[in-house]
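Peer 1: File name structure_26.cif; file contents mmCIF, C-alpha atoms; full text below.
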```cif
data_run
#
loop_
_atom_site.label_atom_id
_atom_site.label_comp_id
_atom_site.auth_asym_id
_atom_site.auth_seq_id
_atom_site.Cartn_x
_atom_site.Cartn_y
_atom_site.Cartn_z
CA MET X 1 -24.52 -5.16 10.14
CA GLY X 2 -21.10 -5.51 8.44
CA TRP X 3 -20.18 -4.14 5.02
CA MET X 4 -20.47 -7.59 3.43
CA ASN X 5 -24.09 -7.83 4.53
CA ARG X 6 -24.86 -4.35 3.21
CA GLY X 7 -23.43 -5.36 -0.18
CA ALA X 8 -25.54 -8.49 -0.22
CA ALA X 9 -28.66 -6.43 0.52
CA ALA X 10 -27.79 -4.09 -2.35
CA GLY X 11 -27.65 -6.88 -4.89
CA GLY X 12 -24.86 -9.14 -3.71
CA THR X 13 -22.74 -8.90 -6.84
CA THR X 14 -18.97 -8.98 -6.70
CA ARG X 15 -18.90 -5.48 -8.19
CA VAL X 16 -21.21 -4.14 -5.45
CA ARG X 17 -19.11 -5.76 -2.73
CA GLY X 18 -15.91 -4.47 -4.36
CA ALA X 19 -17.27 -0.93 -4.55
CA ALA X 20 -18.34 -1.09 -0.90
CA ALA X 21 -14.85 -2.27 0.10
CA GLU X 22 -13.26 0.54 -1.93
CA ASP X 23 -15.57 3.07 -0.25
CA LEU X 24 -14.44 1.84 3.18
CA ALA X 25 -10.77 1.88 2.16
CA LEU X 26 -11.02 5.37 0.68
CA ALA X 27 -12.73 6.74 3.79
CA HIS X 28 -9.98 5.18 5.93
CA LEU X 29 -7.23 6.75 3.80
CA GLN X 30 -8.95 10.14 3.70
CA ARG X 31 -9.21 10.15 7.51
CA ALA X 32 -5.42 9.67 7.50
CA GLY X 33 -5.00 12.79 5.34
CA LEU X 34 -4.66 11.28 1.86
CA ARG X 35 -6.51 12.83 -1.09
CA LEU X 36 -8.21 10.91 -3.88
CA VAL X 37 -6.64 11.44 -7.30
CA GLU X 38 -8.39 8.71 -9.30
CA ARG X 39 -10.50 5.62 -8.74
CA ASN X 40 -10.56 2.41 -10.80
CA TYR X 41 -7.86 3.44 -13.27
CA ARG X 42 -7.66 0.87 -16.08
CA THR X 43 -5.06 0.50 -18.78
CA PRO X 44 -6.50 0.29 -22.28
CA GLY X 45 -6.77 -3.06 -24.03
CA ARG X 46 -6.83 -6.61 -22.79
CA GLY X 47 -4.34 -8.04 -20.36
CA GLY X 48 -3.59 -4.74 -18.67
CA GLY X 49 -4.27 -3.84 -15.13
CA GLU X 50 -6.52 -1.85 -12.87
CA ILE X 51 -5.65 0.25 -9.86
CA ASP X 52 -8.46 0.49 -7.34
CA LEU X 53 -7.43 3.82 -5.81
CA ILE X 54 -4.76 6.39 -6.59
CA VAL X 55 -4.29 8.80 -3.70
CA ARG X 56 -1.74 11.41 -2.62
CA GLU X 57 -0.04 11.79 0.71
CA PRO X 58 0.22 15.33 2.10
CA ASP X 59 3.95 15.23 1.20
CA GLY X 60 3.06 14.64 -2.49
CA THR X 61 3.79 10.90 -2.64
CA LEU X 62 1.49 9.20 -5.12
CA VAL X 63 0.08 5.98 -3.69
CA PHE X 64 -1.33 3.17 -5.82
CA VAL X 65 -3.73 1.20 -3.65
CA GLU X 66 -5.02 -2.32 -4.12
CA VAL X 67 -8.13 -3.00 -2.03
CA ARG X 68 -8.64 -6.62 -1.00
CA ALA X 69 -11.68 -7.83 0.88
CA ARG X 70 -12.52 -11.13 2.45
CA ALA X 71 -15.32 -12.06 4.82
CA SER X 72 -12.72 -13.71 7.09
CA ARG X 73 -9.12 -14.90 7.26
CA SER X 74 -10.16 -18.47 6.43
CA GLN X 75 -8.71 -18.22 2.91
CA GLY X 76 -5.34 -16.80 3.98
CA GLY X 77 -6.47 -13.24 4.45
CA ALA X 78 -6.95 -10.35 2.07
CA ALA X 79 -3.33 -9.18 2.02
CA ALA X 80 -2.07 -12.67 1.12
CA SER X 81 -4.21 -12.61 -2.03
CA VAL X 82 -1.99 -10.00 -3.78
CA GLY X 83 0.38 -12.41 -5.48
CA ALA X 84 3.20 -11.87 -7.97
CA VAL X 85 0.95 -11.81 -11.06
CA LYS X 86 -1.36 -9.21 -9.51
CA GLN X 87 1.65 -7.15 -8.42
CA ARG X 88 3.03 -7.17 -12.00
CA ARG X 89 -0.33 -5.99 -13.35
CA LEU X 90 -0.49 -3.19 -10.77
CA VAL X 91 3.05 -2.07 -11.60
CA PHE X 92 2.22 -2.15 -15.33
CA ALA X 93 -0.90 -0.03 -14.75
CA ALA X 94 1.01 2.41 -12.53
CA ARG X 95 3.74 2.85 -15.15
CA HIS X 96 1.08 3.49 -17.78
CA TYR X 97 -0.64 6.01 -15.51
CA LEU X 98 2.64 7.83 -14.86
CA LEU X 99 3.24 8.40 -18.59
CA ARG X 100 0.97 11.46 -18.31
CA TRP X 101 3.21 13.07 -15.68
CA PRO X 102 6.12 15.22 -16.97
CA ALA X 103 8.00 14.56 -13.74
CA PRO X 104 6.51 11.70 -11.70
CA PRO X 105 6.41 12.23 -7.93
CA PRO X 106 7.67 9.66 -5.44
CA CYS X 107 5.35 6.63 -5.58
CA ARG X 108 4.55 3.51 -3.59
CA PHE X 109 2.20 0.54 -3.64
CA ASP X 110 -0.10 -0.03 -0.68
CA VAL X 111 -2.70 -2.67 0.09
CA VAL X 112 -5.80 -2.00 2.14
CA ALA X 113 -7.00 -5.35 3.43
CA ILE X 114 -10.55 -5.56 4.70
CA GLU X 115 -11.44 -8.71 6.58
CA GLY X 116 -14.90 -8.70 8.09
CA ASP X 117 -15.10 -5.36 9.88
CA HIS X 118 -11.30 -5.01 10.30
CA ILE X 119 -9.29 -2.67 8.05
CA GLU X 120 -5.52 -3.10 7.76
CA TRP X 121 -3.48 -0.60 5.74
CA LEU X 122 -0.21 -2.08 4.53
CA ARG X 123 2.05 0.77 3.42
CA ALA X 124 4.72 -0.09 0.83
CA ALA X 125 3.30 -3.60 0.59
CA PHE X 126 5.53 -4.31 -2.42
CA ASP X 127 7.79 -2.41 -4.80
CA ALA X 128 7.88 -1.96 -8.57
CA GLY X 129 10.21 -4.94 -8.84
CA GLY X 130 7.08 -7.08 -8.32
#
```
Now, as a test, write the supplied structure out as structure tokens.
Peer 2:
Amino acid sequence: MGWMNRGAAAGGTTRVRGAAAEDLALAHLQRAGLRLVERNYRTPGRGGGEIDLIVREPDGTLVFVEVRARASRSQGGAAASVGAVKQRRLVFAARHYLLRWPAPPPCRFDVVAIEGDHIEWLRAAFDAGG
């Protein structure tokens, strides 16, 4: 039974499916040696952004991760769904998050695309230029 079916059994809501996808993505990143810093970071107020996962590489690089899930590639795939507007919101949220750091570490933006039972980790999927 795939993760999409498990989410449907647990209630089928978008939030349940999103949380299940984030769980899979986080487990995948942790197996690769990354450490969770924060999950579902939101900027205050309307019109801001949300970062699904913030993790750290063993070398200290802070990684802002967007998790995208699709049942299949029929709609262009999960990675293709992170367009320019979403990228700008992620960059905005990351800049807001970094305000708390006296000296921000090296950072990058990754996408973990989950399509069916396949996980693809796209490192440096885009840069802060959006």
Peer 1: Using atom CA of Val112 of chain X and atom CA of Thr43 of chain X as the two end points, give the distance in Å to one decimal.
Peer 2: 21.1 Å
Peer 1: I would like the residues chosen by the PyMOL selection byres ((chain X and resi 54-71) around 8) on the shown file; could you give them as a VMD selection string?
Peer 2: chain X and resid 4 18 21 to 22 25 33 to 39 41 51 to 53 72 to 73 77 to 79 81 to 82 94 105 to 116
Peer 1: What does the PyMOL selection byres ((chain X and resi 126) around 8) select in this file, as a list of chain:residue names?
Peer 2: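 Applied to this file, the PyMOL selection byres ((chain X and resi 126) around 8) returns X:Gln87, X:Arg108, X:Phe109, X:Asp110, X:Ala124, X:Ala125, X:Asp127, X:Ala128, X:Gly129, X:Gly130.
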Peer 1: Please compute the atom CA of Pro44 of chain X-atom CA of His96 of chain X distance, one decimal, in Å.
Peer 2: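 Interatomic distance, atom CA of Pro44 of chain X to atom CA of His96 of chain X: 9.4 Å.
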Peer 1: One decimal, in Å: what's the spacing between atom CA of Leu122 of chain X and atom CA of Trp101 of chain X?
Peer 2: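 So the two atoms, atom CA of Leu122 of chain X and atom CA of Trp101 of chain X, lie 25.5 Å apart.
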Peer 1: Within 9 Å of Leu24 of chain X, counting only C-alpha atoms, which residues qualify if same-chain residues fewer than 3 places away don't, as a list in words?
Peer 2: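 Near Leu24 of chain X, the qualifying residues are Trp3, Ala19, Ala20, Ala21, Ala27, His28, Leu29, Ile114 and Ile119 of chain X.
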Peer 1: Can you pull out every residue within 8 Å of Arg42 of chain X, counting all atoms listed in the file, but drop anything in the same chain fewer than 5 positions away, and send it as a ChimeraX atom specification?
Peer 2: /X:48-51,93
Peer 1: Once 8 Å is added on each side, what centre and edge lengths in Å to one decimal does the axis-aligned box around all listed atoms of segment 39-48 of chain X have, as JSON?
Peer 2:
```
{"center_x": -7.1, "center_y": -1.2, "center_z": -16.4, "size_x": 23.0, "size_y": 29.7, "size_z": 31.3}
```
Peer 1: Starting from the incomplete input, reconstruct N, CA and C atoms of segment 25-39 of chain X and report them as an mmCIF file, keeping the file's coordinate frame.
Peer 2:
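The resulting file, part_5.cif, is reproduced below:
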```
data_model
loop_
_atom_site.group_PDB
_atom_site.id
_atom_site.type_symbol
_atom_site.label_atom_id
_atom_site.label_comp_id
_atom_site.auth_asym_id
_atom_site.auth_seq_id
_atom_site.Cartn_x
_atom_site.Cartn_y
_atom_site.Cartn_z
ATOM 1 N N ALA X 25 -12.209 1.629 2.238
ATOM 2 C CA ALA X 25 -10.770 1.880 2.160
ATOM 3 C C ALA X 25 -10.486 3.356 1.918
ATOM 4 N N LEU X 26 -11.223 3.955 0.994
ATOM 5 C CA LEU X 26 -11.020 5.370 0.680
ATOM 6 C C LEU X 26 -11.312 6.238 1.896
ATOM 7 N N ALA X 27 -12.397 5.966 2.583
ATOM 8 C CA ALA X 27 -12.730 6.740 3.790
ATOM 9 C C ALA X 27 -11.617 6.616 4.827
ATOM 10 N N HIS X 28 -11.074 5.418 4.973
ATOM 11 C CA HIS X 28 -9.980 5.180 5.930
ATOM 12 C C HIS X 28 -8.745 6.002 5.549
ATOM 13 N N LEU X 29 -8.398 5.993 4.268
ATOM 14 C CA LEU X 29 -7.230 6.750 3.800
ATOM 15 C C LEU X 29 -7.458 8.256 3.918
ATOM 16 N N GLN X 30 -8.656 8.706 3.604
ATOM 17 C CA GLN X 30 -8.950 10.140 3.700
ATOM 18 C C GLN X 30 -8.884 10.615 5.150
ATOM 19 N N ARG X 31 -9.332 9.790 6.083
ATOM 20 C CA ARG X 31 -9.210 10.150 7.510
ATOM 21 C C ARG X 31 -7.751 10.307 7.914
ATOM 22 N N ALA X 32 -6.864 9.590 7.221
ATOM 23 C CA ALA X 32 -5.420 9.670 7.500
ATOM 24 C C ALA X 32 -4.756 10.817 6.751
ATOM 25 N N GLY X 33 -5.541 11.609 6.005
ATOM 26 C CA GLY X 33 -5.000 12.790 5.340
ATOM 27 C C GLY X 33 -4.664 12.631 3.870
ATOM 28 N N LEU X 34 -4.938 11.469 3.284
ATOM 29 C CA LEU X 34 -4.660 11.280 1.860
ATOM 30 C C LEU X 34 -5.825 11.831 1.038
ATOM 31 N N ARG X 35 -5.513 12.227 -0.200
ATOM 32 C CA ARG X 35 -6.510 12.830 -1.090
ATOM 33 C C ARG X 35 -6.671 11.962 -2.322
ATOM 34 N N LEU X 36 -7.933 11.717 -2.699
ATOM 35 C CA LEU X 36 -8.210 10.910 -3.880
ATOM 36 C C LEU X 36 -7.770 11.636 -5.142
ATOM 37 N N VAL X 37 -7.047 10.924 -6.000
ATOM 38 C CA VAL X 37 -6.640 11.440 -7.300
ATOM 39 C C VAL X 37 -7.488 10.767 -8.389
ATOM 40 N N GLU X 38 -7.615 9.446 -8.296
ATOM 41 C CA GLU X 38 -8.390 8.710 -9.300
ATOM 42 C C GLU X 38 -8.834 7.380 -8.704
ATOM 43 N N ARG X 39 -9.960 6.895 -9.209
ATOM 44 C CA ARG X 39 -10.500 5.620 -8.740
ATOM 45 C C ARG X 39 -10.717 4.710 -9.929
#
```
